[in-house]
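Asker: This structure is in structure tokens; I'll ask about it shortly.
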Amino acid sequence: MKTITVYLVRHGQTYFNKFNRMQGWSDSPLTAAGIAGAEEAAERLKHLTFTHAYSSDTTRAMRTCEVILGKNMNTTVPYTTTPLFREVFYGYFEGADSAQTWYQVGAPHGAPTFKALVSQYGIDKSKDFMNAIDPFHDAETATQYWTRLGKGFKMLREQNRNGDNVLLVSHGTTIRSIVEKFGQGQFDVTVAPRNASVTKIQLTDTGIDVLSYNQLKVF
């Protein structure tokens, strides 16, 4: 059975992160702290040999990926950008204040914060709740989201061989969604993955195993 190890990195801090704004398909640059975080992630991963590297097609993810690969001692492959591992799309709420947005989404369900939503209903349900109150209904539903990510995992399986190590730079809610769905309840997804943290997963022919979540350690 083919096994592919994926080092799933959250991008460095951005200005929207700093200002607590909803940042899905919208984008903002890395802050100075975000660049420093990417460099720290690069230091933790520099001894690994990546057979392939992928990044969400947002500039924040691509910049983080470039910093990581720039310090890697053993990897010479270019990275591939893909929309398949973008953050969830927040539709009408892109760029809005995060706390206010999650209050609007969750308060009618007795969950006035995102943490409360995740605890009571799960991350996928929060996507559907947001789509329901989006006046344009453009916010990505859980079904739309997992259809997209399913294509991404199919691509990873097709493009990599047994035993490969893969770098994938993505986003906070995407990483949390993956860990919630495949982590078998072992990890506390009410806690967001930190910027530039590493989550390690394994893809097999039949499924996905989560090995670690939200790590700031040397691999």
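A note on labels: chains of the structure tokens are A, B, ... as shown, every chain counts residues from 1, and ligands are counted from 1 in their shown order.
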Using only C-alpha atoms, determine which residues lie at most 8 Å from range 143-154 of chain A, disregarding the query and same-chain residues fewer than 6 positions distant; provide the list as a list in words.
Answerer: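 Selected residues are Leu84, Phe85 and Val88 of chain A.
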Asker: Pick out the residues sitting within 9 Å of Tyr103 in chain A, and hand them over as a PyMOL selection string; count only C-alpha atoms, and ignore anything fewer than 5 positions along from it in its own chain.
Answerer: chain A and resi 98+108+111-114
Asker: Residues at most 12 Å from Thr76 in chain A, counting only C-alpha atoms, excluding those fewer than 2 positions away in the same chain, as a count of residues only?
Answerer: 17
Asker: Do you have, as a tab-separated table, the list of residues of range 121-170 of chain A lying at most 9 Å from range 192-214 of chain A, each with its nearest atom pair and that distance in Å to one decimal, counting only C-alpha atoms and ordered by chain then number?
Answerer:
```
residue	atom	partner	partner_atom	distance
A:Phe153	CA	A:Leu203	CA	8.1
A:Leu156	CA	A:Leu203	CA	8.5
A:Arg157	CA	A:Leu203	CA	7.4
A:Asn162	CA	A:Thr204	CA	8.8
A:Val169	CA	A:Ala196	CA	9.0
```
Asker: With only C-alpha atoms as the basis for distance, which of A:Thr81, A:Ser170, A:Asn131, A:Gln120 is at the shortest distance from Gln104 in chain A?
Answerer: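 When distances to Gln104 in chain A are compared using only C-alpha atoms, the smallest one comes from A:Asn131.
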Asker: I'd like the contact shell of Ala116 in chain A - 12 Å cut-off, only C-alpha atoms, skipping same-chain residues fewer than 4 positions apart - returned as a list of chain:residue names.
Answerer: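 Neighbouring residues, sequence-local ones excluded: A:Ala99, A:Trp102, A:Tyr103, A:Val105, A:Gly106, A:Ala107, A:His109, A:Gly110, A:Ala111, A:Pro112, A:Gln120, A:Tyr121, A:Gly122, A:Ile123, A:Lys125, A:Ser126, A:Val189, A:Thr190, A:Val191.
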Asker: Name the residues in contact with Ala41 in chain A at a cut-off of 9 Å, using only C-alpha atoms, excluding same-chain residues fewer than 3 positions from it; report them as an MDAnalysis selection string.
Answerer: chainID A and resid 9 12 36:38 44:46 64 67:68 196:198 216:218
Asker: Would you put the residues from that selection into a file with all heavy atoms, as an mmCIF file, in the first residue's frame?
Answerer:
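out-v4.cif was written with the following content:
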```cif
data_model
loop_
_atom_site.group_PDB
_atom_site.id
_atom_site.type_symbol
_atom_site.label_atom_id
_atom_site.label_comp_id
_atom_site.auth_asym_id
_atom_site.auth_seq_id
_atom_site.Cartn_x
_atom_site.Cartn_y
_atom_site.Cartn_z
ATOM 1 N N VAL A 9 1.873 22.874 6.419
ATOM 2 C CA VAL A 9 2.310 24.081 7.122
ATOM 3 C C VAL A 9 1.283 25.195 6.945
ATOM 4 O O VAL A 9 0.832 25.464 5.820
ATOM 5 C CB VAL A 9 3.677 24.563 6.587
ATOM 6 C CG1 VAL A 9 4.141 25.814 7.346
ATOM 7 C CG2 VAL A 9 4.720 23.453 6.699
ATOM 8 N N GLY A 12 2.647 31.993 7.254
ATOM 9 C CA GLY A 12 3.023 32.949 8.288
ATOM 10 C C GLY A 12 1.940 33.996 8.522
ATOM 11 O O GLY A 12 1.004 34.148 7.722
ATOM 12 N N ALA A 36 9.234 36.197 9.629
ATOM 13 C CA ALA A 36 10.087 35.561 10.636
ATOM 14 C C ALA A 36 9.564 34.171 10.996
ATOM 15 O O ALA A 36 10.347 33.220 11.159
ATOM 16 C CB ALA A 36 10.161 36.434 11.886
ATOM 17 N N GLY A 37 8.236 34.025 11.088
ATOM 18 C CA GLY A 37 7.653 32.715 11.377
ATOM 19 C C GLY A 37 7.922 31.720 10.273
ATOM 20 O O GLY A 37 8.224 30.543 10.532
ATOM 21 N N ALA A 38 7.831 32.176 9.023
ATOM 22 C CA ALA A 38 8.144 31.296 7.885
ATOM 23 C C ALA A 38 9.598 30.856 7.931
ATOM 24 O O ALA A 38 9.918 29.694 7.647
ATOM 25 C CB ALA A 38 7.830 32.015 6.580
ATOM 26 N N ARG A 44 13.075 24.565 11.000
ATOM 27 C CA ARG A 44 12.638 23.286 11.575
ATOM 28 C C ARG A 44 12.567 22.176 10.533
ATOM 29 O O ARG A 44 12.670 20.993 10.876
ATOM 30 C CB ARG A 44 11.263 23.463 12.234
ATOM 31 C CG ARG A 44 11.257 24.402 13.421
ATOM 32 C CD ARG A 44 9.976 24.289 14.219
ATOM 33 N NE ARG A 44 8.793 24.668 13.472
ATOM 34 C CZ ARG A 44 8.308 25.905 13.395
ATOM 35 N NH1 ARG A 44 8.929 26.899 14.020
ATOM 36 N NH2 ARG A 44 7.214 26.176 12.710
ATOM 37 N N LEU A 45 12.383 22.542 9.279
ATOM 38 C CA LEU A 45 12.171 21.546 8.226
ATOM 39 C C LEU A 45 13.361 21.385 7.280
ATOM 40 O O LEU A 45 13.298 20.584 6.347
ATOM 41 C CB LEU A 45 10.941 21.943 7.397
ATOM 42 C CG LEU A 45 9.601 21.982 8.140
ATOM 43 C CD1 LEU A 45 8.536 22.647 7.273
ATOM 44 C CD2 LEU A 45 9.156 20.582 8.535
ATOM 45 N N LYS A 46 14.417 22.141 7.506
ATOM 46 C CA LYS A 46 15.465 22.247 6.483
ATOM 47 C C LYS A 46 16.220 20.951 6.224
ATOM 48 O O LYS A 46 16.817 20.787 5.160
ATOM 49 C CB LYS A 46 16.440 23.362 6.844
ATOM 50 C CG LYS A 46 17.350 23.069 8.026
ATOM 51 C CD LYS A 46 18.305 24.240 8.259
ATOM 52 C CE LYS A 46 19.283 23.949 9.389
ATOM 53 N NZ LYS A 46 20.191 25.104 9.621
ATOM 54 N N THR A 64 5.314 31.957 1.979
ATOM 55 C CA THR A 64 5.772 31.063 3.041
ATOM 56 C C THR A 64 6.497 29.860 2.451
ATOM 57 O O THR A 64 7.568 29.455 2.936
ATOM 58 C CB THR A 64 4.580 30.603 3.902
ATOM 59 O OG1 THR A 64 3.936 31.752 4.462
ATOM 60 C CG2 THR A 64 5.022 29.676 5.013
ATOM 61 N N VAL A 67 10.015 30.760 1.261
ATOM 62 C CA VAL A 67 10.967 30.898 2.366
ATOM 63 C C VAL A 67 11.417 29.522 2.849
ATOM 64 O O VAL A 67 12.613 29.283 3.078
ATOM 65 C CB VAL A 67 10.348 31.714 3.520
ATOM 66 C CG1 VAL A 67 11.240 31.663 4.753
ATOM 67 C CG2 VAL A 67 10.123 33.160 3.091
ATOM 68 N N ILE A 68 10.474 28.603 2.997
ATOM 69 C CA ILE A 68 10.815 27.254 3.481
ATOM 70 C C ILE A 68 11.740 26.544 2.507
ATOM 71 O O ILE A 68 12.768 25.969 2.898
ATOM 72 C CB ILE A 68 9.528 26.437 3.720
ATOM 73 C CG1 ILE A 68 8.742 27.019 4.902
ATOM 74 C CG2 ILE A 68 9.866 24.965 3.986
ATOM 75 C CD1 ILE A 68 7.373 26.407 5.088
ATOM 76 N N ALA A 196 2.625 29.327 10.760
ATOM 77 C CA ALA A 196 3.906 28.661 10.516
ATOM 78 C C ALA A 196 4.079 27.357 11.306
ATOM 79 O O ALA A 196 5.175 26.812 11.366
ATOM 80 C CB ALA A 196 5.083 29.602 10.769
ATOM 81 N N SER A 197 2.999 26.861 11.917
ATOM 82 C CA SER A 197 3.074 25.555 12.583
ATOM 83 C C SER A 197 2.993 24.436 11.545
ATOM 84 O O SER A 197 2.604 24.648 10.397
ATOM 85 C CB SER A 197 1.942 25.404 13.597
ATOM 86 O OG SER A 197 0.683 25.402 12.932
ATOM 87 N N VAL A 198 3.369 23.238 11.978
ATOM 88 C CA VAL A 198 3.395 22.070 11.093
ATOM 89 C C VAL A 198 2.441 21.007 11.618
ATOM 90 O O VAL A 198 2.455 20.674 12.807
ATOM 91 C CB VAL A 198 4.810 21.472 10.984
ATOM 92 C CG1 VAL A 198 4.821 20.281 10.032
ATOM 93 C CG2 VAL A 198 5.815 22.531 10.521
ATOM 94 N N LEU A 216 5.404 23.183 16.709
ATOM 95 C CA LEU A 216 6.504 24.139 16.489
ATOM 96 C C LEU A 216 7.780 23.479 16.992
ATOM 97 O O LEU A 216 8.403 23.927 17.948
ATOM 98 C CB LEU A 216 6.242 25.448 17.241
ATOM 99 C CG LEU A 216 5.026 26.264 16.783
ATOM 100 C CD1 LEU A 216 4.834 27.477 17.693
ATOM 101 C CD2 LEU A 216 5.167 26.721 15.340
ATOM 102 N N LYS A 217 8.155 22.392 16.328
ATOM 103 C CA LYS A 217 9.335 21.641 16.745
ATOM 104 C C LYS A 217 10.158 21.282 15.512
ATOM 105 O O LYS A 217 9.705 21.402 14.383
ATOM 106 C CB LYS A 217 8.932 20.366 17.496
ATOM 107 C CG LYS A 217 8.201 19.351 16.618
ATOM 108 C CD LYS A 217 7.860 18.091 17.410
ATOM 109 C CE LYS A 217 7.220 17.033 16.485
ATOM 110 N NZ LYS A 217 6.902 15.796 17.208
ATOM 111 N N VAL A 218 11.366 20.811 15.750
ATOM 112 C CA VAL A 218 12.231 20.381 14.657
ATOM 113 C C VAL A 218 11.823 18.988 14.215
ATOM 114 O O VAL A 218 11.607 18.096 15.043
ATOM 115 C CB VAL A 218 13.713 20.372 15.105
ATOM 116 C CG1 VAL A 218 14.592 19.820 14.001
ATOM 117 C CG2 VAL A 218 14.163 21.771 15.489
#
```
Asker: Got a sec to tell me which of range 19-142 of chain A DSSP assigns to helix (DSSP H, G or I), as a PyMOL selection string?
Answerer: chain A and resi 32-45+59-71+83-85+91-93+98-109+114-121+123-133+142
Asker: Pick the closest to Ala61 in chain A from A:His171, A:Glu94, A:Arg21, A:Met130: which is it, counting only C-alpha atoms?
Answerer: A:His171
Asker: Going by DSSP on the backbone, which bits of range 8-214 of chain A are strand (DSSP E or B)? Write them as JSON, numbers by chain, please.
Answerer: {"A": [8, 9, 10, 14, 21, 30, 52, 53, 54, 55, 56, 79, 80, 81, 82, 97, 165, 166, 167, 168, 169, 170, 198, 199, 200, 201, 202, 203, 204, 208, 209, 210, 211, 212, 213, 214]}
Asker: One decimal, Å: what's the distance from CA of Asn165 in chain A over to CA of Gly34 in chain A, could you say?
Answerer: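 The value is 24.4 Å.
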Asker: Select, from A:Gly163, A:Asp188, A:Val179, A:Ser119, the residue with the minimum atom-to-atom distance to Met1 in chain A, counting only C-alpha atoms.
Answerer: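 Comparing A:Gly163, A:Asp188, A:Val179, A:Ser119 against Met1 in chain A, the winner is A:Gly163.
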Asker: Just want the 12 Å neighbourhood of Asp27 in chain A, counted on only C-alpha atoms, with same-chain residues fewer than 3 positions away dropped. Output as number ranges by chain.
Answerer: A: 11, 13-17, 21-24, 30, 56-63, 86-87, 89, 94-95, 171
